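Engineer: Data: protein_16.pdb, PDB, C-alpha atoms and all ligand atoms.
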ATOM      1  CA  MET A   1     115.318 -79.643 -69.542
ATOM      2  CA  SER A   2     117.802 -81.763 -71.497
ATOM      3  CA  GLU A   3     116.930 -85.346 -72.304
ATOM      4  CA  HIS A   4     119.341 -88.211 -72.668
ATOM      5  CA  ARG A   5     119.002 -91.632 -74.225
ATOM      6  CA  ILE A   6     120.007 -94.493 -72.003
ATOM      7  CA  GLU A   7     120.228 -98.229 -72.486
ATOM      8  CA  THR A   8     120.081-100.494 -69.501
ATOM      9  CA  LYS A   9     118.886-103.906 -68.440
ATOM     10  CA  VAL A  10     116.141-104.111 -65.847
ATOM     11  CA  ASN A  11     115.364-107.513 -64.386
ATOM     12  CA  GLY A  12     117.025-109.129 -67.387
ATOM     13  CA  GLU A  13     115.123-107.150 -70.002
ATOM     14  CA  ALA A  14     116.829-104.649 -72.287
ATOM     15  CA  VAL A  15     115.440-101.133 -71.878
ATOM     16  CA  ALA A  16     116.096 -98.092 -74.054
ATOM     17  CA  ALA A  17     114.590 -94.782 -72.987
ATOM     18  CA  HIS A  18     114.925 -91.037 -72.936
ATOM     19  CA  VAL A  19     115.274 -89.532 -69.484
ATOM     20  CA  GLU A  20     115.544 -86.027 -68.149
ATOM     21  CA  ALA A  21     118.912 -84.994 -66.794
ATOM     22  CA  ARG A  22     117.449 -84.523 -63.305
ATOM     23  CA  GLU A  23     115.338 -87.713 -63.251
ATOM     24  CA  THR A  24     116.247 -90.083 -60.440
ATOM     25  CA  LEU A  25     116.623 -93.797 -61.028
ATOM     26  CA  ALA A  26     113.767 -94.352 -58.585
ATOM     27  CA  ASP A  27     111.386 -92.140 -60.555
ATOM     28  CA  PHE A  28     112.495 -93.767 -63.800
ATOM     29  CA  LEU A  29     111.903 -97.286 -62.474
ATOM     30  CA  ARG A  30     108.553 -96.422 -60.923
ATOM     31  CA  GLY A  31     107.133 -93.873 -63.339
ATOM     32  CA  LYS A  32     108.432 -95.040 -66.694
ATOM     33  CA  LEU A  33     108.877 -98.776 -66.167
ATOM     34  CA  GLY A  34     106.076 -99.425 -63.681
ATOM     35  CA  GLN A  35     108.441-101.149 -61.237
ATOM     36  CA  THR A  36     106.580 -99.747 -58.243
ATOM     37  CA  GLY A  37     108.012-102.270 -55.804
ATOM     38  CA  THR A  38     110.844 -99.777 -55.423
ATOM     39  CA  HIS A  39     109.446 -97.557 -52.677
ATOM     40  CA  LEU A  40     110.259 -93.932 -51.940
ATOM     41  CA  GLY A  41     110.330 -92.864 -48.329
ATOM     42  CA  CYS A  42     112.728 -90.063 -47.497
ATOM     43  CA  GLU A  43     113.987 -89.351 -51.046
ATOM     44  CA  HIS A  44     117.349 -88.259 -49.697
ATOM     45  CA  GLY A  45     119.265 -91.435 -49.043
ATOM     46  CA  VAL A  46     118.409 -92.091 -45.412
ATOM     47  CA  CYS A  47     115.654 -94.707 -45.185
ATOM     48  CA  GLY A  48     116.817 -97.336 -47.680
ATOM     49  CA  ALA A  49     113.322 -98.120 -48.975
ATOM     50  CA  CYS A  50     114.358 -97.367 -52.560
ATOM     51  CA  THR A  51     117.340 -99.744 -52.633
ATOM     52  CA  VAL A  52     117.859-101.664 -55.883
ATOM     53  CA  ILE A  53     120.821-103.687 -57.139
ATOM     54  CA  VAL A  54     122.943-102.023 -59.825
ATOM     55  CA  ASP A  55     125.727-104.134 -61.312
ATOM     56  CA  GLY A  56     125.667-106.329 -58.226
ATOM     57  CA  ALA A  57     125.766-103.591 -55.596
ATOM     58  CA  PRO A  58     122.897-102.243 -53.483
ATOM     59  CA  VAL A  59     122.199 -98.645 -54.498
ATOM     60  CA  ARG A  60     119.830 -95.934 -53.249
ATOM     61  CA  ALA A  61     117.679 -95.344 -56.302
ATOM     62  CA  CYS A  62     116.645 -91.914 -54.973
ATOM     63  CA  LEU A  63     120.267 -90.735 -55.037
ATOM     64  CA  MET A  64     121.243 -92.126 -58.427
ATOM     65  CA  LEU A  65     120.230 -90.364 -61.609
ATOM     66  CA  ALA A  66     118.628 -92.367 -64.383
ATOM     67  CA  VAL A  67     121.312 -91.153 -66.810
ATOM     68  CA  GLN A  68     123.902 -92.810 -64.591
ATOM     69  CA  ALA A  69     122.182 -96.127 -65.209
ATOM     70  CA  ASP A  70     123.232 -96.121 -68.845
ATOM     71  CA  GLY A  71     125.033 -99.395 -69.570
ATOM     72  CA  THR A  72     124.212-100.986 -66.228
ATOM     73  CA  ALA A  73     122.209-104.027 -65.190
ATOM     74  CA  ILE A  74     119.539-103.306 -62.580
ATOM     75  CA  THR A  75     117.544-105.689 -60.435
ATOM     76  CA  THR A  76     114.446-104.518 -58.599
ATOM     77  CA  VAL A  77     112.378-106.506 -56.137
ATOM     78  CA  GLU A  78     110.127-107.544 -59.034
ATOM     79  CA  GLY A  79     113.058-109.405 -60.572
ATOM     80  CA  LEU A  80     113.996-111.587 -57.623
ATOM     81  CA  ALA A  81     111.409-114.360 -57.579
ATOM     82  CA  ASP A  82     111.569-117.107 -60.175
ATOM     83  CA  PRO A  83     109.122-116.882 -63.095
ATOM     84  CA  ASP A  84     107.121-119.725 -61.547
ATOM     85  CA  GLY A  85     106.621-117.639 -58.401
ATOM     86  CA  THR A  86     109.203-119.369 -56.236
ATOM     87  CA  LEU A  87     110.420-116.730 -53.832
ATOM     88  CA  HIS A  88     114.056-115.658 -53.561
ATOM     89  CA  PRO A  89     115.612-117.077 -50.350
ATOM     90  CA  VAL A  90     115.622-113.598 -48.783
ATOM     91  CA  GLN A  91     111.934-113.125 -49.568
ATOM     92  CA  GLN A  92     111.138-116.569 -48.203
ATOM     93  CA  ALA A  93     113.091-115.886 -45.026
ATOM     94  CA  LEU A  94     111.253-112.603 -44.425
ATOM     95  CA  ARG A  95     107.975-114.381 -44.905
ATOM     96  CA  ASP A  96     108.891-117.291 -42.647
ATOM     97  CA  GLU A  97     110.273-115.084 -39.889
ATOM     98  CA  HIS A  98     107.345-112.631 -39.906
ATOM     99  CA  GLY A  99     109.598-109.734 -40.878
ATOM    100  CA  LEU A 100     107.191-108.169 -43.366
ATOM    101  CA  GLN A 101     104.861-106.020 -41.226
ATOM    102  CA  CYS A 102     103.342-103.269 -43.451
ATOM    103  CA  GLY A 103     105.897-104.095 -46.127
ATOM    104  CA  PHE A 104     106.796-100.544 -47.140
ATOM    105  CA  CYS A 105     110.481-100.763 -46.299
ATOM    106  CA  THR A 106     110.686-104.472 -47.162
ATOM    107  CA  PRO A 107     111.747-104.219 -50.836
ATOM    108  CA  GLY A 108     114.795-102.174 -49.903
ATOM    109  CA  ILE A 109     115.753-104.593 -47.153
ATOM    110  CA  VAL A 110     115.272-107.522 -49.511
ATOM    111  CA  MET A 111     117.535-105.967 -52.131
ATOM    112  CA  THR A 112     120.312-105.189 -49.672
ATOM    113  CA  LEU A 113     120.254-108.709 -48.229
ATOM    114  CA  ALA A 114     119.996-110.257 -51.694
ATOM    115  CA  ALA A 115     123.067-108.338 -52.861
ATOM    116  CA  LEU A 116     125.057-109.420 -49.822
ATOM    117  CA  THR A 117     124.157-113.094 -50.204
ATOM    118  CA  ALA A 118     124.408-113.259 -54.009
ATOM    119  CA  ASP A 119     126.373-116.019 -55.686
ATOM    120  CA  GLY A 120     126.516-118.118 -52.548
ATOM    121  CA  ALA A 121     128.186-115.435 -50.436
ATOM    122  CA  LYS A 122     127.916-116.186 -46.746
ATOM    123  CA  PRO A 123     128.401-112.962 -44.818
ATOM    124  CA  ALA A 124     128.729-112.999 -41.074
ATOM    125  CA  GLU A 125     125.557-112.294 -39.129
ATOM    126  CA  ASP A 126     127.084-109.060 -37.843
ATOM    127  CA  ALA A 127     127.731-107.879 -41.402
ATOM    128  CA  LEU A 128     124.115-108.542 -42.321
ATOM    129  CA  LYS A 129     122.886-106.749 -39.215
ATOM    130  CA  ASP A 130     125.241-103.868 -39.953
ATOM    131  CA  ALA A 131     123.759-103.571 -43.441
ATOM    132  CA  LEU A 132     120.277-103.481 -41.930
ATOM    133  CA  THR A 133     121.206-100.358 -40.006
ATOM    134  CA  GLY A 134     120.963 -98.575 -43.352
ATOM    135  CA  HIS A 135     117.230 -99.263 -43.407
ATOM    136  CA  ILE A 136     114.677 -97.407 -41.353
ATOM    137  CA  CYS A 137     111.537 -99.418 -40.653
ATOM    138  CA  ARG A 138     108.656 -97.275 -39.486
ATOM    139  CA  CYS A 139     106.794-100.290 -38.167
ATOM    140  CA  THR A 140     109.670-100.585 -35.669
ATOM    141  CA  GLY A 141     109.384-104.329 -35.103
ATOM    142  CA  TYR A 142     112.907-105.356 -35.985
ATOM    143  CA  GLN A 143     112.940-108.763 -34.310
ATOM    144  CA  GLY A 144     111.643-110.673 -37.307
ATOM    145  CA  ILE A 145     114.013-108.824 -39.624
ATOM    146  CA  LEU A 146     116.961-109.643 -37.383
ATOM    147  CA  ARG A 147     115.953-113.304 -37.372
ATOM    148  CA  VAL A 148     116.183-113.166 -41.168
ATOM    149  CA  ALA A 149     119.783-111.978 -40.879
ATOM    150  CA  GLN A 150     120.533-114.836 -38.507
ATOM    151  CA  ARG A 151     118.922-117.327 -40.831
ATOM    152  CA  LEU A 152     120.708-116.045 -43.930
ATOM    153  CA  ALA A 153     124.044-116.087 -42.170
ATOM    154  CA  GLY A 154     123.411-119.702 -41.290
ATOM    155  CA  GLU A 155     121.892-120.838 -44.548
ATOM    156  CA  ALA A 156     123.746-118.956 -47.276
ATOM    157  CA  ALA A 157     126.013-121.426 -48.981
TER     158      ALA A 157
HETATM  159  S1  LIG B 201     113.816 -93.047 -50.480
HETATM  160 FE1  LIG B 201     115.857 -93.457 -51.022
HETATM  161  S2  LIG B 201     116.857 -93.747 -49.129
HETATM  162 FE2  LIG B 201     114.847 -93.128 -48.557
HETATM  163  S1  LIG B 202     107.505-102.907 -42.444
HETATM  164 FE1  LIG B 202     106.427-101.051 -42.254
HETATM  165  S2  LIG B 202     107.921 -99.564 -42.593
HETATM  166 FE2  LIG B 202     109.044-101.359 -42.362
END
Can the structure from this file be put into structure tokens for me?
Structural biologist:
Amino acid sequence: MSEHRIETKVNGEAVAAHVEARETLADFLRGKLGQTGTHLGCEHGVCGACTVIVDGAPVRACLMLAVQADGTAITTVEGLADPDGTLHPVQQALRDEHGLQCGFCTPGIVMTLAALTADGAKPAEDALKDALTGHICRCTGYQGILRVAQRLAGEAA
């Protein structure tokens, strides 16, 4: 199996590594960098649990190869809260609105909503809800998660 050297930034830290040609970004983040907040559910792009932000856009880490991350900047759920522990507004909203449940799908949802509301963007509630349709929550209690979308649409500034 061929190996390739990549250089990327993960949660603000420069990373240089050798990855196999077939290695997914999700496996690289979890297995090599220990960023296990990125969860793997379906591993074929359906559930959204593995979503991370690559160069500002939400990306399915199970569908992107690690070699494709060369030269990019990646944010995982571990990189969202401030160093002092202050939660990202999306994390705080999920906590306040009881949208966490078992938490397995939560990191992916957080990353999608964080990407959409980055830099003061204020998407319409419908756009946020539409984005949530790309996430399958096995706990099935979507009410709290939908309240988060409502809150972010109202509070993003
Ligand atoms: S694990 Fe990537 S979309 Fe389900
Ligand atoms: S919170 Fe349990 S799978 Fe979504």
Engineer: When distances are computed from all atoms listed in the file, which of A:Ile6, A:Ala121, A:Leu29, A:Cys47 shows the smallest separation from ligand LIG 201 (chain B)?
Structural biologist: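 Closest to ligand LIG 201 (chain B), using all atoms listed in the file: A:Cys47.
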Engineer: Quote the spacing between CA of Val110 (chain A) and CA of Asp126 (chain A) in Å to one decimal place.
Structural biologist: 16.7 Å
Engineer: Could you state the separation of atom S2 of ligand LIG 202 (chain B) and CA of Arg60 (chain A) in Å, given to one decimal place?
Structural biologist: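 Between these atoms lies a distance of 16.4 Å.
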Engineer: Write out as an mmCIF file with C-alpha atoms, in the frame of the given file which residues come within 12 Å of Arg30 (chain A) when counting all atoms listed in the file, dropping same-chain ones fewer than 3 positions away.
Structural biologist:
data_model
loop_
_atom_site.group_PDB
_atom_site.id
_atom_site.type_symbol
_atom_site.label_atom_id
_atom_site.label_comp_id
_atom_site.auth_asym_id
_atom_site.auth_seq_id
_atom_site.Cartn_x
_atom_site.Cartn_y
_atom_site.Cartn_z
ATOM 1 C CA VAL A 10 116.141 -104.111 -65.847
ATOM 2 C CA GLU A 23 115.338 -87.713 -63.251
ATOM 3 C CA THR A 24 116.247 -90.083 -60.440
ATOM 4 C CA LEU A 25 116.623 -93.797 -61.028
ATOM 5 C CA ALA A 26 113.767 -94.352 -58.585
ATOM 6 C CA ASP A 27 111.386 -92.140 -60.555
ATOM 7 C CA LEU A 33 108.877 -98.776 -66.167
ATOM 8 C CA GLY A 34 106.076 -99.425 -63.681
ATOM 9 C CA GLN A 35 108.441 -101.149 -61.237
ATOM 10 C CA THR A 36 106.580 -99.747 -58.243
ATOM 11 C CA GLY A 37 108.012 -102.270 -55.804
ATOM 12 C CA THR A 38 110.844 -99.777 -55.423
ATOM 13 C CA HIS A 39 109.446 -97.557 -52.677
ATOM 14 C CA LEU A 40 110.259 -93.932 -51.940
ATOM 15 C CA CYS A 50 114.358 -97.367 -52.560
ATOM 16 C CA VAL A 52 117.859 -101.664 -55.883
ATOM 17 C CA ALA A 61 117.679 -95.344 -56.302
ATOM 18 C CA CYS A 62 116.645 -91.914 -54.973
ATOM 19 C CA ALA A 66 118.628 -92.367 -64.383
ATOM 20 C CA THR A 76 114.446 -104.518 -58.599
ATOM 21 C CA VAL A 77 112.378 -106.506 -56.137
ATOM 22 C CA GLU A 78 110.127 -107.544 -59.034
#
Engineer: Please report, as a tab-separated table, each residue of chain A lying at most 8 Å from ligand LIG 202 (chain B), together with the nearest pair of atoms and the separation in Å rounded to one decimal; use all atoms listed in the file, and order rows by chain and ascending residue number.
Structural biologist:
residue	atom	partner	partner_atom	distance
A:Gly99	CA	B:LIG202	S1	7.3
A:Leu100	CA	B:LIG202	S1	5.4
A:Gln101	CA	B:LIG202	S1	4.3
A:Cys102	CA	B:LIG202	FE1	4.0
A:Gly103	CA	B:LIG202	S1	4.2
A:Phe104	CA	B:LIG202	S2	4.8
A:Cys105	CA	B:LIG202	FE2	4.2
A:Thr106	CA	B:LIG202	S1	5.9
A:Ile136	CA	B:LIG202	FE2	7.0
A:Cys137	CA	B:LIG202	FE2	3.6
A:Arg138	CA	B:LIG202	S2	3.9
A:Cys139	CA	B:LIG202	FE1	4.2
A:Thr140	CA	B:LIG202	FE2	6.8
A:Gly141	CA	B:LIG202	S1	7.7
Engineer: Just C-alpha atoms for this one: save the residues we selected as a JSON list (two decimals), in the frame of the given file.
Structural biologist:
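As written to disk, result.json reads:
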[["chain", "number", "residue", "atom", "x", "y", "z"],
["A", 99, "GLY", "CA", 109.60, -109.73, -40.88],
["A", 100, "LEU", "CA", 107.19, -108.17, -43.37],
["A", 101, "GLN", "CA", 104.86, -106.02, -41.23],
["A", 102, "CYS", "CA", 103.34, -103.27, -43.45],
["A", 103, "GLY", "CA", 105.90, -104.10, -46.13],
["A", 104, "PHE", "CA", 106.80, -100.54, -47.14],
["A", 105, "CYS", "CA", 110.48, -100.76, -46.30],
["A", 106, "THR", "CA", 110.69, -104.47, -47.16],
["A", 136, "ILE", "CA", 114.68, -97.41, -41.35],
["A", 137, "CYS", "CA", 111.54, -99.42, -40.65],
["A", 138, "ARG", "CA", 108.66, -97.28, -39.49],
["A", 139, "CYS", "CA", 106.79, -100.29, -38.17],
["A", 140, "THR", "CA", 109.67, -100.58, -35.67],
["A", 141, "GLY", "CA", 109.38, -104.33, -35.10]]
Engineer: I'd like the interatomic distance between CA of Ala124 (chain A) and CA of Gly154 (chain A), to a tenth of an Å.
Structural biologist: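 For CA of Ala124 (chain A) relative to CA of Gly154 (chain A), the distance reads 8.6 Å.
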Engineer: Find the residues near Ala21 (chain A): any atom within 8 Å, counting all atoms listed in the file, skip ones fewer than 4 places away on the same chain, and give them as a list of chain:residue names.
Structural biologist: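 Final neighbour list, sorted by chain and number: A:Met1, A:Ser2, A:Glu3, A:His4, A:Leu65, A:Ala66, A:Val67.
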Engineer: Given 8 Å on each side, where is the centre and what are the edge lengths in Å to one decimal of the axis-aligned box enclosing the listed atoms of region 62-68 of chain A, as AutoDock Vina command-line options?
Structural biologist:
--center_x 120.3 --center_y -91.6 --center_z -60.9 --size_x 23.3 --size_y 18.4 --size_z 27.8
Engineer: Restricting the calculation to only C-alpha atoms, which member of A:Leu80, A:Gly120, A:Thr75, A:Leu94 is positioned closest to Tyr142 (chain A)?
Structural biologist: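 Ranking A:Leu80, A:Gly120, A:Thr75, A:Leu94 by distance to Tyr142 (chain A), first place goes to A:Leu94.
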Engineer: So, counting all atoms listed in the file, which residue among A:Pro89, A:Gly31, A:Gly12, A:Gly41 is closest to ligand LIG 201 (chain B)?
Structural biologist: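 Among A:Pro89, A:Gly31, A:Gly12, A:Gly41, it is A:Gly41 that comes nearest to ligand LIG 201 (chain B).
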Engineer: Which residue, A:Leu132, A:Ala57, A:Leu63, A:Ala14, has the smallest gap to His44 (chain A) when you use only C-alpha atoms?
Structural biologist: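 Comparing A:Leu132, A:Ala57, A:Leu63, A:Ala14 against His44 (chain A), the winner is A:Leu63.
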Engineer: With distances taken over all atoms listed in the file, which of A:Leu128, A:Ala153, A:Ala93, A:Ala49 is nearest to ligand LIG 201 (chain B)?
Structural biologist: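 Nearest to ligand LIG 201 (chain B): A:Ala49.
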Engineer: Let me make sure I understand: among A:Glu43, A:Asp55, A:Glu20, A:Asp84, which one has the smallest atom-to-atom distance to ligand LIG 201 (chain B) if we use only C-alpha atoms and all ligand atoms?
Structural biologist: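 The shortest atom-to-atom distance to ligand LIG 201 (chain B) comes from A:Glu43.
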Engineer: Once you count only C-alpha atoms, which residues end up no further than 12 Å from (119.6, -111.8, -41.6) in the file's frame, shown as an NGL selection string?
Structural biologist: :A and (89-94 or 97 or 99 or 109-110 or 112-114 or 116-117 or 122-133 or 142-156)
Engineer: Do you know which residues are at most 6 Å from Gly48 (chain A) counting all atoms listed in the file, after dropping those on the same chain fewer than 2 positions away, and could you put them as a PyMOL selection string?
Structural biologist: chain A and resi 46+50-51+108+135
Engineer: Leaving out Gly56 (chain A) and any residue of its chain fewer than 3 positions from it, which residues lie within 9 Å of it when counting all atoms listed in the file, given as a ChimeraX atom specification?
Structural biologist: /A:53,73-75,115-116,118
